[in-house]
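Student: The following block contains the structure, expressed as structure tokens.
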Amino acid sequence: MTREEDRLRRHLLATSADLDEEALLRLALQHIVIALGGLGGLAHLAQLREDGGFLRLMAATGLPAAVVERWEHLQFVDDSAPERAALHKETAWAWNWPSTSTPAHEGWERPPAGWSTVGAFSVPLLIEDRLVGTISTLLRGEPSSERQEYAAELALVIGRRLAQVQAECASRPQVWGPDHGSEQRRRALATVQVGTWEWHKATGVKLDDVGEDLVSLAGLTPRTWDHWPETWLARIHPDDRTAVLEEIKRAVDTRETCTLEYRVLDGNGQVHWIEQRGQLIYAENGVVERAYGTLADVTLRRGKLEWLTTLQELHPDPVFAMSTDNRVAWGNMVMRNQGAARGVTIVGAVPWEVDETLAGLGLQEMLARARAAGGTAITQELQILREPETGAMVAYSARAAQVGDYVTVMLEDITERKRAEEIERARSRELWRTLRPKALPRLVAVTVAARHVTSRAEIGGTWYDAIQLSGGRVMLVSGSVTGDGLSAAITMGQLRATVAELTALDYPLAELMARLGESGVVTSALAGGLQAQLLLALYDATTGCLSLVSAEHPPPVLAAPALSAKSPDLQIGPGLGASPLAYEITQVDVPDGSLLALSTTGFIGRQTDSGSAYYEATRLLERASTFDSESSLEEMCDALAELTKDESREGDVAVLLSRLTRVPQEHMAAWDLPWHPKSASGARRKVSAQVCEWDREDLAFTAELVVSELVGNVIRHTDHGPLRLRLLRLERDLVIEVYDGSQSMPRMQPIRLMEESGRGLMMIGEMAAAVNGSWGARYIQDGKCIWVRLRGEENESAGSKPDFPCNSILDETHADGRVVRDRSEEML
């Protein structure tokens, strides 16, 4: 070689234009091989890593494939000439061939036949002391020092020119040095098994080490992989090849990122899934001249997706995906079969347009909510009429969630569950109806009307009651149990029975509330998370006194004739069982004919056109208090119930309206008796005269016996007075009441057969029972009251009257003509 030829080569490499990195390397390789007189040449690019790195063959000239394959992948070890040149960044000569093989080939122990006497001379390619790669020449002997120096000079020229090409192509990704990606990025890609690739129309496809490993998934080896796109395309599954070409064409036409996911076949015919992404680079004339991107094995992920798709396809309930235009993009087998059974094709159509049974179910609203929820599942129940002739319904629970551009909907068949719930609901309603109050009883001097307003839950824990007590007294009850519908209803029934039972025992109001709070029903309710509210209104028709006590229950509204309606100043106590403190009792004197309205909501429900429900209720009661007919009371109760209606309220409402009148004065008689045994005879005469005056001679004899026994027992068994007798005529009933100052209650004790004493209460009970009556006792503020209620036939004919005078029922005539009056005095 002449000096002029060497100068020309240096000048050509230094001034070459319009060459990219690949073309420049190929040109430099050819000149160095010629300058050294070699058999062929190899150009490697360096891939640097923390553990040293490796050399990847980029170009070769003048060498057969069997030789080139030995030099494709070289590690940074002090073995062959390219490895030494890269490791030490200086020229190197070595007879050694690579002792380590590429990952795709398991090593040869010696060079191919005929090449055992050939060595390699390598020069490093550097850019500012940064290793880019190596250029090697295969020779039959080591070149002279002068040729080695010249090769080193050419390498410096090539390094400077590569730096210039790098600057000119800074906007394009470089695949030949550390700037192809930082070391951190390269490690990250290798960790997730994502390879990088670059395509140039002149040089074909270049892959990094991860990408080179992935070519085996397509059945390619270093011998058969020639780095041309056509070779790779031929390994794509035939069913996916057309779609891949169409996506590439679309990306070229739209200049968008190309995203592909397709199947390839390995050497055994096994299918693997590849995800390929790429960005196209265009020349000034608009022709694609370069592309780069990533390559990844997604077989495992696609396998999971296919398994999931198969699972959804065979799911026993309908599953489908809705596109943005509300069309069914995909539906599983159950959904398709259901549509076919009804003669419609659901997939590809808007469901509620092709199947009228799906219209009006709120599917559009559910899809809109799912799209707005951003991946959060939306649940809604649907009831679809499947058989119009029979009215058979199919119920589904729909779950919808946004997944990408689609809304996935899964329908769970809950028909059997809804039927079971309906049966259970019917049983619950029947149980609730049995627990609710039936027709209210006929009361003394009190007329009542009641309404129960159900809620959306249909079953609730509110109730009302009216209980007739002795002495013309009436207990009006309004209560509620808050909590779960059926549990509240059951507790309501138990509490209602407990209130009625304890009220019949005639406890004072304060003690009655205390006993209710300590009852097992209330204790169990509180333990179960239920709360009980109660309002008791005790009205005495003989005095007009109304006693009120509230356990967290709203106050009633009271309207007296010609007066304004208002709520009494009632002290609201805690719920039943919530506090051991005594409840405050409020007493109000009620004018005759007043209206008392009790409601579990206290008329504080919805607003009306005229204002609040409370204001409207007071106006209604004021207007109705001037009427006394029972029909007007029923109409007023309907109006009050209407005021309590509130669509947003969960619980039910009870309304109890009562007109409170008085027992006429002429139907009451009372006497204060002296504390003396003779009071029995005086009481007997007074009762006999009053009974005859009331035209109740049918009860005269019994009344005299009862009052004689009651007064006699009081004087015998108590220590002090006062002693008071009251007689009441309450419709058909005659009530005898004896008051004294003792707190000791009478009780019936067992007696022996031959004993004459101790039979008073038994005799009173027998006499009361004989006329359909009853007896009892109750505490009062300063003592007790023993009462007996007698019931007989009113206005009897004269022939049925007793044949003895009303005032001498207990007189007895002896044989000697002496009349002994009032034998009770002898017993005392």
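Labels for the structure tokens follow display order: chains A, B, ..., residues from 1 in each chain, ligands from 1.
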Please tabulate, as CSV, the residues of region 263-304 of chain A that come within 9 Å of region 215-235 of chain A, each with its closest pair of atoms and the distance in Å to one decimal, counting only C-alpha atoms and ordering rows by chain, then residue number upward.
Tutor:
residue,atom,partner,partner_atom,distance
A:Arg263,CA,A:Arg235,CA,8.7
A:Val264,CA,A:Ala218,CA,5.3
A:Leu265,CA,A:Ala218,CA,5.1
A:Asp266,CA,A:Gly219,CA,3.7
A:Gly267,CA,A:Gly219,CA,4.3
A:Asn268,CA,A:Gly219,CA,7.7
A:Gly269,CA,A:Gly219,CA,8.3
A:Gln270,CA,A:Leu217,CA,8.7
A:Val271,CA,A:Leu217,CA,8.4
A:His272,CA,A:Leu217,CA,6.5
A:Trp273,CA,A:Leu217,CA,8.8
A:Ile274,CA,A:Leu217,CA,8.8
A:Asp297,CA,A:Leu217,CA,8.5
Student: So which residues of region 30-137 of chain A fall under alpha helix (DSSP H) by DSSP, listed as a list of chain:residue names?
Tutor: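 Listing alpha helix (DSSP H) positions across region 30-137 of chain A yields A:Gln30, A:His31, A:Ile32, A:Val33, A:Ile34, A:Ala35, A:Leu36, A:Ala65, A:Ala66, A:Val67, A:Val68, A:Ala81, A:Pro82, A:Glu83, A:Arg84, A:Ala85, A:Ala86, A:Leu87, A:His88.
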Student: Restricting it to all heavy atoms, dump the selection as a CSV table (one decimal), in the first residue's frame.
Tutor:
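Once everything was written out, this is selection_9.csv:
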chain,number,residue,atom,x,y,z
A,30,GLN,N,-14.5,-2.0,5.5
A,30,GLN,CA,-13.9,-2.4,4.2
A,30,GLN,C,-12.5,-1.8,4.0
A,30,GLN,O,-11.6,-2.4,3.5
A,30,GLN,CB,-14.8,-1.9,3.0
A,30,GLN,CG,-16.1,-2.6,3.0
A,30,GLN,CD,-17.1,-2.0,2.0
A,30,GLN,OE1,-16.8,-1.1,1.3
A,30,GLN,NE2,-18.3,-2.6,1.9
A,31,HIS,N,-12.3,-0.5,4.3
A,31,HIS,CA,-11.0,0.2,4.2
A,31,HIS,C,-10.0,-0.4,5.1
A,31,HIS,O,-8.8,-0.6,4.6
A,31,HIS,CB,-11.1,1.7,4.4
A,31,HIS,CG,-11.8,2.4,3.3
A,31,HIS,ND1,-11.1,2.6,2.1
A,31,HIS,CD2,-13.0,3.0,3.2
A,31,HIS,CE1,-11.9,3.3,1.2
A,31,HIS,NE2,-13.1,3.6,1.9
A,32,ILE,N,-10.3,-0.8,6.3
A,32,ILE,CA,-9.3,-1.3,7.2
A,32,ILE,C,-8.9,-2.7,6.7
A,32,ILE,O,-7.7,-3.1,6.8
A,32,ILE,CB,-9.8,-1.3,8.6
A,32,ILE,CG1,-9.9,0.1,9.2
A,32,ILE,CG2,-8.9,-2.2,9.5
A,32,ILE,CD1,-10.4,0.2,10.6
A,33,VAL,N,-9.8,-3.5,6.3
A,33,VAL,CA,-9.5,-4.9,5.7
A,33,VAL,C,-8.5,-4.8,4.6
A,33,VAL,O,-7.5,-5.5,4.4
A,33,VAL,CB,-10.8,-5.6,5.4
A,33,VAL,CG1,-10.4,-6.9,4.6
A,33,VAL,CG2,-11.6,-5.9,6.6
A,34,ILE,N,-8.8,-3.8,3.6
A,34,ILE,CA,-8.0,-3.7,2.5
A,34,ILE,C,-6.6,-3.1,2.9
A,34,ILE,O,-5.5,-3.6,2.4
A,34,ILE,CB,-8.6,-2.7,1.5
A,34,ILE,CG1,-9.9,-3.3,0.9
A,34,ILE,CG2,-7.7,-2.3,0.3
A,34,ILE,CD1,-10.7,-2.4,0.1
A,35,ALA,N,-6.6,-2.2,3.8
A,35,ALA,CA,-5.3,-1.6,4.3
A,35,ALA,C,-4.4,-2.6,4.9
A,35,ALA,O,-3.2,-2.6,4.8
A,35,ALA,CB,-5.5,-0.4,5.2
A,36,LEU,N,-5.0,-3.6,5.6
A,36,LEU,CA,-4.2,-4.6,6.3
A,36,LEU,C,-4.0,-5.9,5.5
A,36,LEU,O,-3.3,-6.8,5.9
A,36,LEU,CB,-4.9,-5.0,7.7
A,36,LEU,CG,-5.0,-3.8,8.7
A,36,LEU,CD1,-5.7,-4.3,10.0
A,36,LEU,CD2,-3.6,-3.3,9.0
A,65,ALA,N,-20.5,-17.7,6.6
A,65,ALA,CA,-21.4,-17.7,7.8
A,65,ALA,C,-20.9,-18.5,8.9
A,65,ALA,O,-21.0,-18.1,10.1
A,65,ALA,CB,-22.8,-18.2,7.4
A,66,ALA,N,-20.2,-19.6,8.6
A,66,ALA,CA,-19.7,-20.5,9.7
A,66,ALA,C,-18.7,-19.7,10.5
A,66,ALA,O,-18.5,-20.0,11.7
A,66,ALA,CB,-19.1,-21.7,9.1
A,67,VAL,N,-17.9,-18.8,9.9
A,67,VAL,CA,-16.9,-18.0,10.6
A,67,VAL,C,-17.6,-16.9,11.4
A,67,VAL,O,-17.3,-16.6,12.5
A,67,VAL,CB,-15.8,-17.5,9.6
A,67,VAL,CG1,-14.9,-16.5,10.4
A,67,VAL,CG2,-15.1,-18.6,9.0
A,68,VAL,N,-18.5,-16.2,10.7
A,68,VAL,CA,-19.2,-15.1,11.3
A,68,VAL,C,-19.9,-15.5,12.6
A,68,VAL,O,-19.9,-14.7,13.6
A,68,VAL,CB,-20.1,-14.4,10.3
A,68,VAL,CG1,-21.0,-13.3,11.0
A,68,VAL,CG2,-19.4,-13.8,9.1
A,81,ALA,N,-9.0,-11.1,20.2
A,81,ALA,CA,-8.5,-9.8,19.9
A,81,ALA,C,-9.6,-8.7,20.1
A,81,ALA,O,-9.3,-7.7,20.8
A,81,ALA,CB,-7.9,-9.7,18.5
A,82,PRO,N,-10.8,-8.9,19.6
A,82,PRO,CA,-11.8,-7.8,19.9
A,82,PRO,C,-12.1,-7.6,21.4
A,82,PRO,O,-12.3,-6.5,21.8
A,82,PRO,CB,-13.1,-8.4,19.1
A,82,PRO,CG,-12.6,-9.3,18.1
A,82,PRO,CD,-11.4,-9.9,18.7
A,83,GLU,N,-12.1,-8.7,22.1
A,83,GLU,CA,-12.4,-8.6,23.5
A,83,GLU,C,-11.3,-7.9,24.2
A,83,GLU,O,-11.5,-7.0,25.1
A,83,GLU,CB,-12.6,-10.0,24.1
A,83,GLU,CG,-13.8,-10.7,23.6
A,83,GLU,CD,-13.8,-12.2,23.9
A,83,GLU,OE1,-12.7,-12.8,24.1
A,83,GLU,OE2,-14.9,-12.8,24.0
A,84,ARG,N,-10.0,-8.1,23.9
A,84,ARG,CA,-8.9,-7.4,24.5
A,84,ARG,C,-8.9,-5.9,24.1
A,84,ARG,O,-8.6,-5.1,24.9
A,84,ARG,CB,-7.6,-8.1,24.0
A,84,ARG,CG,-7.4,-9.5,24.5
A,84,ARG,CD,-6.1,-10.1,24.0
A,84,ARG,NE,-5.9,-11.5,24.4
A,84,ARG,CZ,-4.8,-12.2,24.0
A,84,ARG,NH1,-3.9,-11.7,23.3
A,84,ARG,NH2,-4.8,-13.5,24.4
A,85,ALA,N,-9.2,-5.7,22.8
A,85,ALA,CA,-9.2,-4.3,22.4
A,85,ALA,C,-10.3,-3.5,23.1
A,85,ALA,O,-10.1,-2.3,23.5
A,85,ALA,CB,-9.4,-4.2,20.9
A,86,ALA,N,-11.5,-4.1,23.3
A,86,ALA,CA,-12.5,-3.4,24.1
A,86,ALA,C,-12.2,-3.3,25.5
A,86,ALA,O,-12.5,-2.3,26.2
A,86,ALA,CB,-13.8,-4.2,23.9
A,87,LEU,N,-11.6,-4.3,26.1
A,87,LEU,CA,-11.3,-4.3,27.5
A,87,LEU,C,-10.2,-3.3,27.9
A,87,LEU,O,-10.3,-2.6,28.9
A,87,LEU,CB,-10.9,-5.7,28.0
A,87,LEU,CG,-10.7,-5.9,29.5
A,87,LEU,CD1,-12.0,-5.6,30.2
A,87,LEU,CD2,-10.2,-7.3,29.8
A,88,HIS,N,-9.2,-3.2,27.0
A,88,HIS,CA,-8.0,-2.3,27.3
A,88,HIS,C,-8.0,-1.0,26.5
A,88,HIS,O,-7.1,-0.2,26.7
A,88,HIS,CB,-6.7,-3.1,27.1
A,88,HIS,CG,-6.6,-4.3,27.9
A,88,HIS,ND1,-6.4,-4.3,29.2
A,88,HIS,CD2,-6.7,-5.6,27.5
A,88,HIS,CE1,-6.3,-5.6,29.7
A,88,HIS,NE2,-6.5,-6.4,28.7
Student: Contacts of region 332-340 of chain A at 12 Å or less, counting only C-alpha atoms, minus same-chain residues fewer than 3 places along, as a VMD selection string?
Tutor: chain A and resid 308 to 321 328 to 329 343 to 349 351 to 352 354 to 358 386 408 to 413
Student: What does the distance from CA of Ser145 (chain A) to CA of Thr91 (chain A) come to in Å, to one decimal?
Tutor: 10.7 Å
Student: Could you give me the residues within region 489-536 of chain A that DSSP places in strand (DSSP E), as a list in words?
Tutor: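 Residues of region 489-536 of chain A classed as strand (DSSP E): Gln531, Ala532, Gln533, Leu534, Leu535 and Leu536 of chain A.
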Student: In Å, rounded to a single decimal, give me how far CA of Ala578 (chain A) is from CA of Ala532 (chain A).
Tutor: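 We find that CA of Ala532 (chain A) and CA of Ala578 (chain A) lie 9.2 Å from each other.
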Student: What gap, in Å, lies between CA of Leu126 (chain A) and CA of Asn96 (chain A)?
Tutor: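 Computing the Euclidean distance for CA of Leu126 (chain A) and CA of Asn96 (chain A) yields 23.5 Å.
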Student: For Thr718 (chain A), list every protein, DNA or RNA residue within 9 Å, evaluated using only C-alpha atoms, and leave out those in the same chain fewer than 6 positions away; present the list as a PyMOL selection string.
Tutor: chain A and resi 740-742+744
Student: Using only C-alpha atoms, which protein or nucleic acid residues come within 10 Å of region 711-715 of chain A? Drop anything in the same chain fewer than 5 positions from it, and give the result as JSON, numbers by chain.
Tutor: {"A": [673, 674, 675, 676, 677, 678, 679, 680, 681, 682, 683, 684, 706, 720, 721, 723, 724, 725, 737, 738, 739, 740, 741, 742, 746, 758, 760, 761, 786, 824, 825, 827, 828]}
Student: Once you have the residues from the selection above, write them out as a short mmCIF file (atom, residue, chain, number, x, y, z; two decimals), in the first residue's frame, restricted to N, CA and C atoms.
Tutor:
data_model
loop_
_atom_site.label_atom_id
_atom_site.label_comp_id
_atom_site.auth_asym_id
_atom_site.auth_seq_id
_atom_site.Cartn_x
_atom_site.Cartn_y
_atom_site.Cartn_z
N LEU A 673 -117.23 8.33 104.90
CA LEU A 673 -117.79 7.52 105.97
C LEU A 673 -116.94 7.61 107.22
N PRO A 674 -117.58 7.57 108.40
CA PRO A 674 -116.81 7.59 109.65
C PRO A 674 -116.08 6.27 109.85
N TRP A 675 -114.99 6.35 110.60
CA TRP A 675 -114.20 5.13 110.88
C TRP A 675 -114.86 4.39 112.05
N HIS A 676 -115.93 3.64 111.70
CA HIS A 676 -116.71 2.97 112.73
C HIS A 676 -117.37 1.76 112.09
N PRO A 677 -117.57 0.67 112.85
CA PRO A 677 -118.21 -0.51 112.27
C PRO A 677 -119.59 -0.25 111.71
N LYS A 678 -120.31 0.74 112.27
CA LYS A 678 -121.64 1.03 111.76
C LYS A 678 -121.62 1.65 110.37
N SER A 679 -120.43 2.02 109.91
CA SER A 679 -120.34 2.60 108.57
C SER A 679 -120.77 1.60 107.50
N ALA A 680 -120.63 0.33 107.78
CA ALA A 680 -121.02 -0.69 106.79
C ALA A 680 -122.50 -0.61 106.50
N SER A 681 -123.32 -0.51 107.55
CA SER A 681 -124.77 -0.43 107.33
C SER A 681 -125.14 0.87 106.65
N GLY A 682 -124.46 1.98 107.03
CA GLY A 682 -124.75 3.24 106.38
C GLY A 682 -124.38 3.22 104.91
N ALA A 683 -123.23 2.59 104.59
CA ALA A 683 -122.82 2.48 103.19
C ALA A 683 -123.80 1.63 102.41
N ARG A 684 -124.32 0.58 103.07
CA ARG A 684 -125.26 -0.30 102.38
C ARG A 684 -126.54 0.45 102.04
N VAL A 706 -121.65 -6.46 98.37
CA VAL A 706 -120.26 -6.09 98.06
C VAL A 706 -119.81 -4.92 98.91
N HIS A 720 -106.32 3.19 109.99
CA HIS A 720 -106.77 4.58 109.98
C HIS A 720 -107.45 4.89 108.67
N GLY A 721 -108.15 6.02 108.68
CA GLY A 721 -108.87 6.51 107.50
C GLY A 721 -108.00 7.44 106.68
N LEU A 723 -112.02 7.16 105.24
CA LEU A 723 -112.80 6.12 104.58
C LEU A 723 -113.79 6.81 103.65
N ARG A 724 -113.73 6.43 102.39
CA ARG A 724 -114.57 7.11 101.40
C ARG A 724 -115.17 6.07 100.47
N LEU A 725 -116.42 6.31 100.11
CA LEU A 725 -117.16 5.41 99.22
C LEU A 725 -117.59 6.20 97.98
N GLU A 737 -116.37 1.75 94.62
CA GLU A 737 -114.99 2.03 95.01
C GLU A 737 -114.96 2.42 96.48
N VAL A 738 -114.08 1.80 97.23
CA VAL A 738 -113.87 2.10 98.64
C VAL A 738 -112.43 2.55 98.80
N TYR A 739 -112.22 3.78 99.32
CA TYR A 739 -110.89 4.36 99.50
C TYR A 739 -110.54 4.37 100.98
N ASP A 740 -109.28 4.10 101.26
CA ASP A 740 -108.79 4.22 102.63
C ASP A 740 -107.35 4.71 102.58
N GLY A 741 -106.77 5.00 103.73
CA GLY A 741 -105.44 5.59 103.79
C GLY A 741 -104.33 4.58 103.93
N SER A 742 -104.58 3.28 103.74
CA SER A 742 -103.56 2.25 103.91
C SER A 742 -102.97 1.87 102.55
N PRO A 746 -105.30 -5.77 99.53
CA PRO A 746 -106.00 -7.01 99.91
C PRO A 746 -105.52 -8.16 99.04
N GLY A 758 -112.30 -15.09 106.57
CA GLY A 758 -111.35 -15.08 105.45
C GLY A 758 -111.95 -15.33 104.10
N GLY A 760 -114.11 -13.18 102.55
CA GLY A 760 -114.67 -11.96 101.99
C GLY A 760 -114.30 -11.73 100.54
N LEU A 761 -113.01 -11.79 100.23
CA LEU A 761 -112.58 -11.54 98.85
C LEU A 761 -113.11 -12.62 97.91
N ILE A 786 -110.10 0.03 96.56
CA ILE A 786 -110.60 -1.30 96.20
C ILE A 786 -111.90 -1.12 95.45
N SER A 824 -124.08 -7.56 109.32
CA SER A 824 -122.65 -7.29 109.25
C SER A 824 -122.15 -6.63 110.51
N GLU A 825 -123.09 -5.87 111.25
CA GLU A 825 -122.65 -5.27 112.50
C GLU A 825 -122.37 -6.33 113.55
N MET A 827 -121.23 -9.31 112.92
CA MET A 827 -119.93 -9.93 112.60
C MET A 827 -118.78 -9.04 113.02
N LEU A 828 -118.98 -7.72 112.93
CA LEU A 828 -117.92 -6.81 113.33
C LEU A 828 -117.82 -6.69 114.84
#
Student: Please determine, counting only C-alpha atoms, which residue among A:Tyr539, A:Trp463, A:Trp432, A:Tyr262 has the shortest atom-to-atom distance to Val446 (chain A).
Tutor: A:Tyr539
Student: Quick one: residues within 8 Å of region 114-125 of chain A, only C-alpha atoms counted, chain neighbours fewer than 2 positions away excluded, as a ChimeraX atom specification?
Tutor: /A:80-82,85-86,89-97,110-112,127,131-143,151-152,155-156,158-159
Student: Return the single residue from A:Arg433, A:Arg726, A:Met513, A:Ser658 that is closest to Asp672 (chain A), with distances computed using only C-alpha atoms.
Tutor: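 The answer is A:Arg726, which sits nearest to Asp672 (chain A).
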Student: A:Gly472, A:Gly765, A:Pro568, A:Pro574: which is nearest Leu728 (chain A), counting only C-alpha atoms?
Tutor: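 Comparing A:Gly472, A:Gly765, A:Pro568, A:Pro574 against Leu728 (chain A), the winner is A:Gly472.
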Student: When you count only C-alpha atoms, which of these residues is closest to Ile459 (chain A): A:Ser428, A:Ser594, A:Asn326, A:Thr447?
Tutor: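 Using only C-alpha atoms, the shortest distance to Ile459 (chain A) belongs to A:Ser428.
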Student: Calculated over only C-alpha atoms, which of the candidates A:Thr379, A:Thr324, A:Thr523, A:Thr294 has the smallest distance to Lys206 (chain A)?
Tutor: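 Looking at the shortest contact to Lys206 (chain A), the residue is A:Thr294.
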Student: Need the shell around Arg56 (chain A): protein/DNA/RNA residues with any atom at most 6 Å away, counting only C-alpha atoms. Skip same-chain ones fewer than 3 positions apart. Format as a list in words?
Tutor: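 Close residues of Arg56 (chain A): His44, Leu45, Glu72 and His73 of chain A.
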Student: With N, CA, C and O atoms retained, write the just-selected residues as a compact mmCIF listing (two decimals), in the first residue's frame.
Tutor:
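Written output follows (selection14.txt):
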# COMPACT_ATOMS: atom_id res chain seq x y z
N HIS A 44 -18.07 -4.66 15.54
CA HIS A 44 -18.87 -4.93 16.73
C HIS A 44 -19.24 -3.62 17.41
O HIS A 44 -18.48 -2.66 17.40
N LEU A 45 -20.42 -3.60 18.00
CA LEU A 45 -20.84 -2.50 18.86
C LEU A 45 -20.75 -2.95 20.32
O LEU A 45 -21.02 -4.12 20.64
N GLU A 72 -20.31 -13.53 16.78
CA GLU A 72 -21.51 -12.72 16.93
C GLU A 72 -21.65 -12.08 18.30
O GLU A 72 -22.09 -10.94 18.43
N HIS A 73 -21.31 -12.78 19.36
CA HIS A 73 -21.57 -12.31 20.73
C HIS A 73 -20.32 -12.58 21.56
O HIS A 73 -20.01 -13.72 21.87
Student: Identify which of the residues A:Arg399, A:His553, A:Arg496, A:His452 lies closest to Val653 (chain A), counting only C-alpha atoms when measuring atom-to-atom distances.
Tutor: A:His452
